[in-house]
Each structure stands twice: as structure tokens, then as C-alpha cells.
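Only one structure is covered here, and it is reproduced in the block below.
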Amino acid sequence: MKLQYSHTVGFMSLQGGKGFANPIDLEFDQDGIMYVLSRGSCDLEDEGPSKRVTKCTVDEQYLGQFSRGGTGDGEIMWPSSIAIDQHENVYISDEALHRISVFDKSGEFQFKWGLKGNKNGEFNRPSSITFDDDSNLLVVDALNNRIQKYKG
């Protein structure tokens with residue numbers, strides 16, 4: 001199959017709006033809404049709005065954004081991957097904070113888990129995440145050189 005270029009969505013925007021800041025991953029919900037994960041600046045200490053999730057369509061209808069840089073509940077520092085479960089909860093892996101944060105589809109923070117370490121359930125730079133066909137969350141635990149499975 002040969003793919004042909006169609007169009008571009010977004011542009012560079014540190015403050016949000018109709019653009020992204022170092023977009024690192026994206027995921028679609030059941031309604032076709034695209035959730036774009038912006039990693040923001042390379043400065044891990046950046047606690048500004050450049051680190052965020054933007055909700056939009058591929059036709060450039062922007063529907064809002066949530067989260068921001070920081071270390072508190074619902075904040076992200078070095079996000080690397082986004083996944084959406086069967087209930088449309090949004091999961092974000094964060095390499096700097098060694099955790100997974102969970103939001104509802106409107107962007108409200110629900111809960112988080114993860115500690116830095118190498119024991120079962122601990123992380124050292126959780127990078128990519130995805131759900132399998134049985135609704136289990138698979139987490140690439142990068143510096144521990146393993147995949148961890150969380151039953152759905």
C-alpha cells in the first residue's frame with residue numbers, strides 16, 4: 001500500500017491553543033477525537049503550559065487541553081506515551097516522574113501510580129504504553145529492560 005500526503009494538523013505553540021509543543025504521541029478515542037501529548041521544552045524543570053494534552057480532530061477543530069508541567073497530581077514533567085482504555089480514561093506515562101497518570105476523557109485527573117525502582121510495579125523511565133485486546137495495560141519500563149502488564 002502506498003500512502004499519500006493529505007495535510008498537516010497544528011503548529012508550534014508553547015501556550016496551547018491550536019498548536020503543539022514537541023508532540024511526542026497521540027491516541028484516538030471511540031468518537032475519533034485525537035489526544036496529542038506535548039512533551040514541551042527540553043527543560044525538565046519547565047512547569048509551564050507547554051507540557052499538555054490537546055484534544056482536537058484531524059480536521060483541526062480544537063476542543064481544549066489539559067494537564068501542565070509540574071510534579072503534582074495531574075501534572076506531567078517528561079511525558080512519553082498516551083493510551084485510552086475501553087472506558088475512555090486517558091493514561092499518560094511520565095519518564096521523569098516514574099509514574100502513570102490517569103485522567104477522564106474531559107481531562108479531570110483521576111489517579112496516579114508508580115515509584116522509581118526495579119521491583120514489580122515500580123518503574124525506571126516508563127516510556128511507551130498501550131492496551132492489549134483484553135484491556136490489559138502494557139508498560140515499557142525502559143531502564144529496567146522489561147514490559148510490565150497490568151490486568152484490566
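The chains in the C-alpha cells are called A, B, ... from first to last as shown; in each chain the residues are counted from 1, and the ligands are counted from 1 in the order shown.
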Exercise: Phe123 (chain A) partners within 8 Å, only C-alpha atoms, chain neighbours under 5 positions left out, as a compact mmCIF listing (two decimals) with N, CA and C atoms, in the first residue's frame:
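Output saved as part.txt:
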```txt
# COMPACT_ATOMS: atom_id res chain seq x y z
N HIS A 98 8.46 8.78 36.82
CA HIS A 98 8.39 7.33 37.00
C HIS A 98 6.98 6.89 37.41
N ARG A 99 6.00 7.40 36.68
CA ARG A 99 4.62 7.08 37.03
C ARG A 99 3.70 7.12 35.83
N GLY A 114 3.01 4.64 40.68
CA GLY A 114 4.37 4.41 40.24
C GLY A 114 5.39 5.02 41.19
N LEU A 115 6.45 4.28 41.40
CA LEU A 115 7.61 4.72 42.17
C LEU A 115 8.84 4.32 41.39
N LYS A 116 9.93 5.06 41.58
CA LYS A 116 11.18 4.69 40.91
C LYS A 116 11.76 3.46 41.62
N GLY A 117 12.09 2.46 40.83
CA GLY A 117 12.69 1.25 41.37
C GLY A 117 12.69 0.14 40.35
N ASN A 118 13.11 -1.04 40.79
CA ASN A 118 13.17 -2.18 39.86
C ASN A 118 12.36 -3.38 40.35
N ASP A 141 8.93 -0.48 30.52
CA ASP A 141 9.71 0.02 31.66
C ASP A 141 11.16 0.10 31.18
N ASN A 144 14.56 -0.49 33.13
CA ASN A 144 14.53 -1.81 33.77
C ASN A 144 14.50 -2.93 32.73
```
All residues 6 Å or closer to Met34 (chain A), only C-alpha atoms, same chain fewer than 4 positions away omitted, as a list in words: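 Answer for this query is Glu27, Phe28, Lys55, Cys56 and Thr57 of chain A.
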Would you export the selected residues with C-alpha atoms as a compact mmCIF listing (two decimals), in the first residue's frame, please?
```txt
# COMPACT_ATOMS: atom_id res chain seq x y z
CA GLU A 27 -4.26 8.46 20.55
CA PHE A 28 -7.84 8.45 19.28
CA LYS A 55 -7.86 17.44 22.22
CA CYS A 56 -8.66 18.06 18.55
CA THR A 57 -9.82 16.46 15.33
```
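Proximity ranking of A:Gly74, A:Met1, A:Ser128, A:Arg146 relative to Glu108 (chain A) places A:Gly74 first, based on only C-alpha atoms.
When CA of Asn89 (chain A) is paired with CA of Ser38 (chain A), their separation reads 17.8 Å.
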Counting only C-alpha atoms, the option among A:Arg39, A:Phe20, A:Tyr62, A:Lys119 closest to Ile92 (chain A): A:Arg39
Among the residues A:Ile33, A:Leu26, A:Lys51, A:Gln65, the one that comes closest to Ile129 (chain A) [using only C-alpha atoms]: A:Leu26
Selection near region 5-12 of chain A, 12 Å with only C-alpha atoms, sequence-local residues under 3 positions removed, as an MDAnalysis selection string: chainID A and resid 2 15:23 34 36 38 40:41 50 54:62
DSSP strand (DSSP E) selection over chain A, as a count of residues only: 58
Exercise: region 75-82 of chain A partners within 10 Å, only C-alpha atoms, chain neighbours under 5 positions left out, as a ChimeraX atom specification: /A:23-28,35-48,51-53,66-70,90-102,109,125-130,139-140
For the selection just defined, write its residues with N, CA and C atoms to a file, as a tab-separated table (two decimals), in the first residue's frame.
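Output (selection08.tsv):
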```
chain	number	residue	atom	x	y	z
A	23	PRO	N	5.25	17.59	20.17
A	23	PRO	CA	4.32	16.47	20.31
A	23	PRO	C	5.07	15.14	20.24
A	24	ILE	N	4.75	14.25	21.18
A	24	ILE	CA	5.50	13.01	21.31
A	24	ILE	C	4.66	11.77	21.00
A	25	ASP	N	3.33	11.87	21.17
A	25	ASP	CA	2.46	10.71	20.93
A	25	ASP	C	1.04	11.20	20.74
A	26	LEU	N	0.19	10.32	20.18
A	26	LEU	CA	-1.23	10.65	20.04
A	26	LEU	C	-2.05	9.38	20.13
A	27	GLU	N	-3.32	9.57	20.44
A	27	GLU	CA	-4.26	8.46	20.55
A	27	GLU	C	-5.64	8.97	20.18
A	28	PHE	N	-6.48	8.10	19.63
A	28	PHE	CA	-7.84	8.45	19.28
A	28	PHE	C	-8.81	7.78	20.25
A	35	TYR	N	-6.13	12.88	20.86
A	35	TYR	CA	-5.47	13.40	22.06
A	35	TYR	C	-3.99	13.43	21.75
A	36	VAL	N	-3.40	14.64	21.69
A	36	VAL	CA	-2.00	14.80	21.33
A	36	VAL	C	-1.21	15.16	22.59
A	37	LEU	N	-0.19	14.37	22.89
A	37	LEU	CA	0.65	14.56	24.06
A	37	LEU	C	1.85	15.42	23.69
A	38	SER	N	1.92	16.63	24.26
A	38	SER	CA	3.05	17.54	24.03
A	38	SER	C	4.04	17.42	25.17
A	39	ARG	N	5.27	17.14	24.83
A	39	ARG	CA	6.34	17.00	25.82
A	39	ARG	C	6.86	18.36	26.27
A	40	GLY	N	6.64	19.37	25.47
A	40	GLY	CA	7.09	20.72	25.85
A	40	GLY	C	8.57	20.90	25.64
A	41	SER	N	9.13	21.85	26.38
A	41	SER	CA	10.54	22.16	26.22
A	41	SER	C	11.41	21.03	26.73
A	42	CYS	N	12.65	21.06	26.34
A	42	CYS	CA	13.60	20.02	26.78
A	42	CYS	C	13.97	20.18	28.25
A	43	ASP	N	13.66	21.32	28.83
A	43	ASP	CA	13.96	21.57	30.23
A	43	ASP	C	12.98	20.80	31.11
A	44	LEU	N	13.49	19.80	31.82
A	44	LEU	CA	12.62	19.00	32.69
A	44	LEU	C	12.00	19.83	33.80
A	45	GLU	N	12.59	20.95	34.14
A	45	GLU	CA	12.07	21.78	35.22
A	45	GLU	C	10.96	22.71	34.76
A	46	ASP	N	10.69	22.74	33.45
A	46	ASP	CA	9.63	23.59	32.92
A	46	ASP	C	8.30	23.19	33.52
A	47	GLU	N	7.67	24.11	34.23
A	47	GLU	CA	6.38	23.82	34.83
A	47	GLU	C	5.28	24.62	34.16
A	48	GLY	N	5.50	24.98	32.91
A	48	GLY	CA	4.54	25.80	32.19
A	48	GLY	C	3.53	25.01	31.40
A	51	LYS	N	3.78	21.64	28.39
A	51	LYS	CA	3.57	20.21	28.62
A	51	LYS	C	2.08	20.02	28.84
A	52	ARG	N	1.43	19.27	27.93
A	52	ARG	CA	-0.03	19.19	27.99
A	52	ARG	C	-0.58	18.12	27.05
A	53	VAL	N	-1.88	17.90	27.17
A	53	VAL	CA	-2.62	17.07	26.23
A	53	VAL	C	-3.61	17.97	25.52
A	66	PHE	N	-5.58	19.76	28.55
A	66	PHE	CA	-5.50	19.54	29.98
A	66	PHE	C	-4.09	19.14	30.39
A	67	SER	N	-3.83	19.20	31.67
A	67	SER	CA	-2.56	18.97	32.33
A	67	SER	C	-1.60	20.12	32.03
A	68	ARG	N	-0.46	20.10	32.69
A	68	ARG	CA	0.59	21.10	32.53
A	68	ARG	C	1.86	20.56	33.18
A	69	GLY	N	2.96	21.26	32.98
A	69	GLY	CA	4.22	20.83	33.57
A	69	GLY	C	4.21	20.98	35.08
A	70	GLY	N	4.77	20.01	35.77
A	70	GLY	CA	4.86	20.05	37.22
A	70	GLY	C	4.95	18.65	37.79
A	90	VAL	N	-7.85	8.35	30.02
A	90	VAL	CA	-6.62	8.68	29.33
A	90	VAL	C	-5.43	8.42	30.26
A	91	TYR	N	-4.51	7.57	29.84
A	91	TYR	CA	-3.33	7.20	30.61
A	91	TYR	C	-2.11	7.86	29.99
A	92	ILE	N	-1.25	8.42	30.85
A	92	ILE	CA	-0.02	9.07	30.37
A	92	ILE	C	1.16	8.52	31.15
A	93	SER	N	2.17	8.03	30.43
A	93	SER	CA	3.40	7.60	31.09
A	93	SER	C	4.34	8.81	31.19
A	94	ASP	N	5.04	8.90	32.31
A	94	ASP	CA	5.94	10.03	32.56
A	94	ASP	C	7.30	9.48	32.98
A	95	GLU	N	8.29	9.66	32.12
A	95	GLU	CA	9.62	9.12	32.38
A	95	GLU	C	10.31	9.81	33.54
A	96	ALA	N	10.17	11.11	33.68
A	96	ALA	CA	10.86	11.83	34.75
A	96	ALA	C	10.26	11.53	36.12
A	97	LEU	N	8.94	11.38	36.18
A	97	LEU	CA	8.26	11.15	37.46
A	97	LEU	C	8.08	9.66	37.76
A	98	HIS	N	8.46	8.78	36.82
A	98	HIS	CA	8.39	7.33	37.00
A	98	HIS	C	6.98	6.89	37.41
A	99	ARG	N	6.00	7.40	36.68
A	99	ARG	CA	4.62	7.08	37.03
A	99	ARG	C	3.70	7.12	35.83
A	100	ILE	N	2.50	6.60	36.05
A	100	ILE	CA	1.40	6.66	35.10
A	100	ILE	C	0.32	7.52	35.73
A	101	SER	N	-0.17	8.53	35.01
A	101	SER	CA	-1.27	9.38	35.48
A	101	SER	C	-2.50	9.07	34.63
A	102	VAL	N	-3.66	9.10	35.27
A	102	VAL	CA	-4.91	8.76	34.61
A	102	VAL	C	-5.88	9.92	34.73
A	109	PHE	N	-8.18	14.93	36.39
A	109	PHE	CA	-7.26	13.97	36.99
A	109	PHE	C	-8.04	12.97	37.84
A	125	ARG	N	11.87	4.96	34.24
A	125	ARG	CA	11.60	5.59	32.95
A	125	ARG	C	10.53	4.85	32.13
A	126	PRO	N	9.29	4.80	32.63
A	126	PRO	CA	8.24	4.17	31.84
A	126	PRO	C	8.01	4.97	30.56
A	127	SER	N	8.18	4.32	29.44
A	127	SER	CA	8.07	5.06	28.17
A	127	SER	C	6.77	4.72	27.48
A	128	SER	N	6.74	3.82	26.55
A	128	SER	CA	5.53	3.55	25.78
A	128	SER	C	4.51	2.75	26.58
A	129	ILE	N	3.22	3.05	26.34
A	129	ILE	CA	2.12	2.30	26.96
A	129	ILE	C	1.07	2.00	25.90
A	130	THR	N	0.37	0.89	26.09
A	130	THR	CA	-0.72	0.52	25.18
A	130	THR	C	-1.63	-0.47	25.89
A	139	VAL	N	3.18	-1.65	29.85
A	139	VAL	CA	4.07	-0.51	30.07
A	139	VAL	C	5.50	-0.91	29.73
A	140	VAL	N	6.12	-0.18	28.82
A	140	VAL	CA	7.54	-0.38	28.54
A	140	VAL	C	8.30	0.32	29.66
```
Test item: residues at most 7 Å from Tyr150 (chain A), only C-alpha atoms, excluding those fewer than 3 positions along its chain, as a list in words: Asn136, Leu137 and Leu138 of chain A
How about saving the chosen residues, C-alpha atoms kept, as a PDB file, in the first residue's frame?
```
ATOM      1  CA  ASN A 136      -4.581  -5.057  29.961  1.00  0.00           C
ATOM      2  CA  LEU A 137      -2.195  -2.105  30.138  1.00  0.00           C
ATOM      3  CA  LEU A 138       1.316  -2.866  28.904  1.00  0.00           C
TER       4      LEU A 138
END
```
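Candidate residues A:Gln86, A:Gly64, A:Gly32, A:Ile147 were compared for distance to Asp133 (chain A), and the nearest is A:Gln86, using only C-alpha atoms.
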Atom-to-atom span, CA of His87 (chain A) and CA of Asp73 (chain A), Å: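 CA of Asp73 (chain A) lies at a distance of 20.8 Å from CA of His87 (chain A).
Atom to atom, CA of Gln30 (chain A) and CA of Ser13 (chain A) stand 26.6 Å apart.
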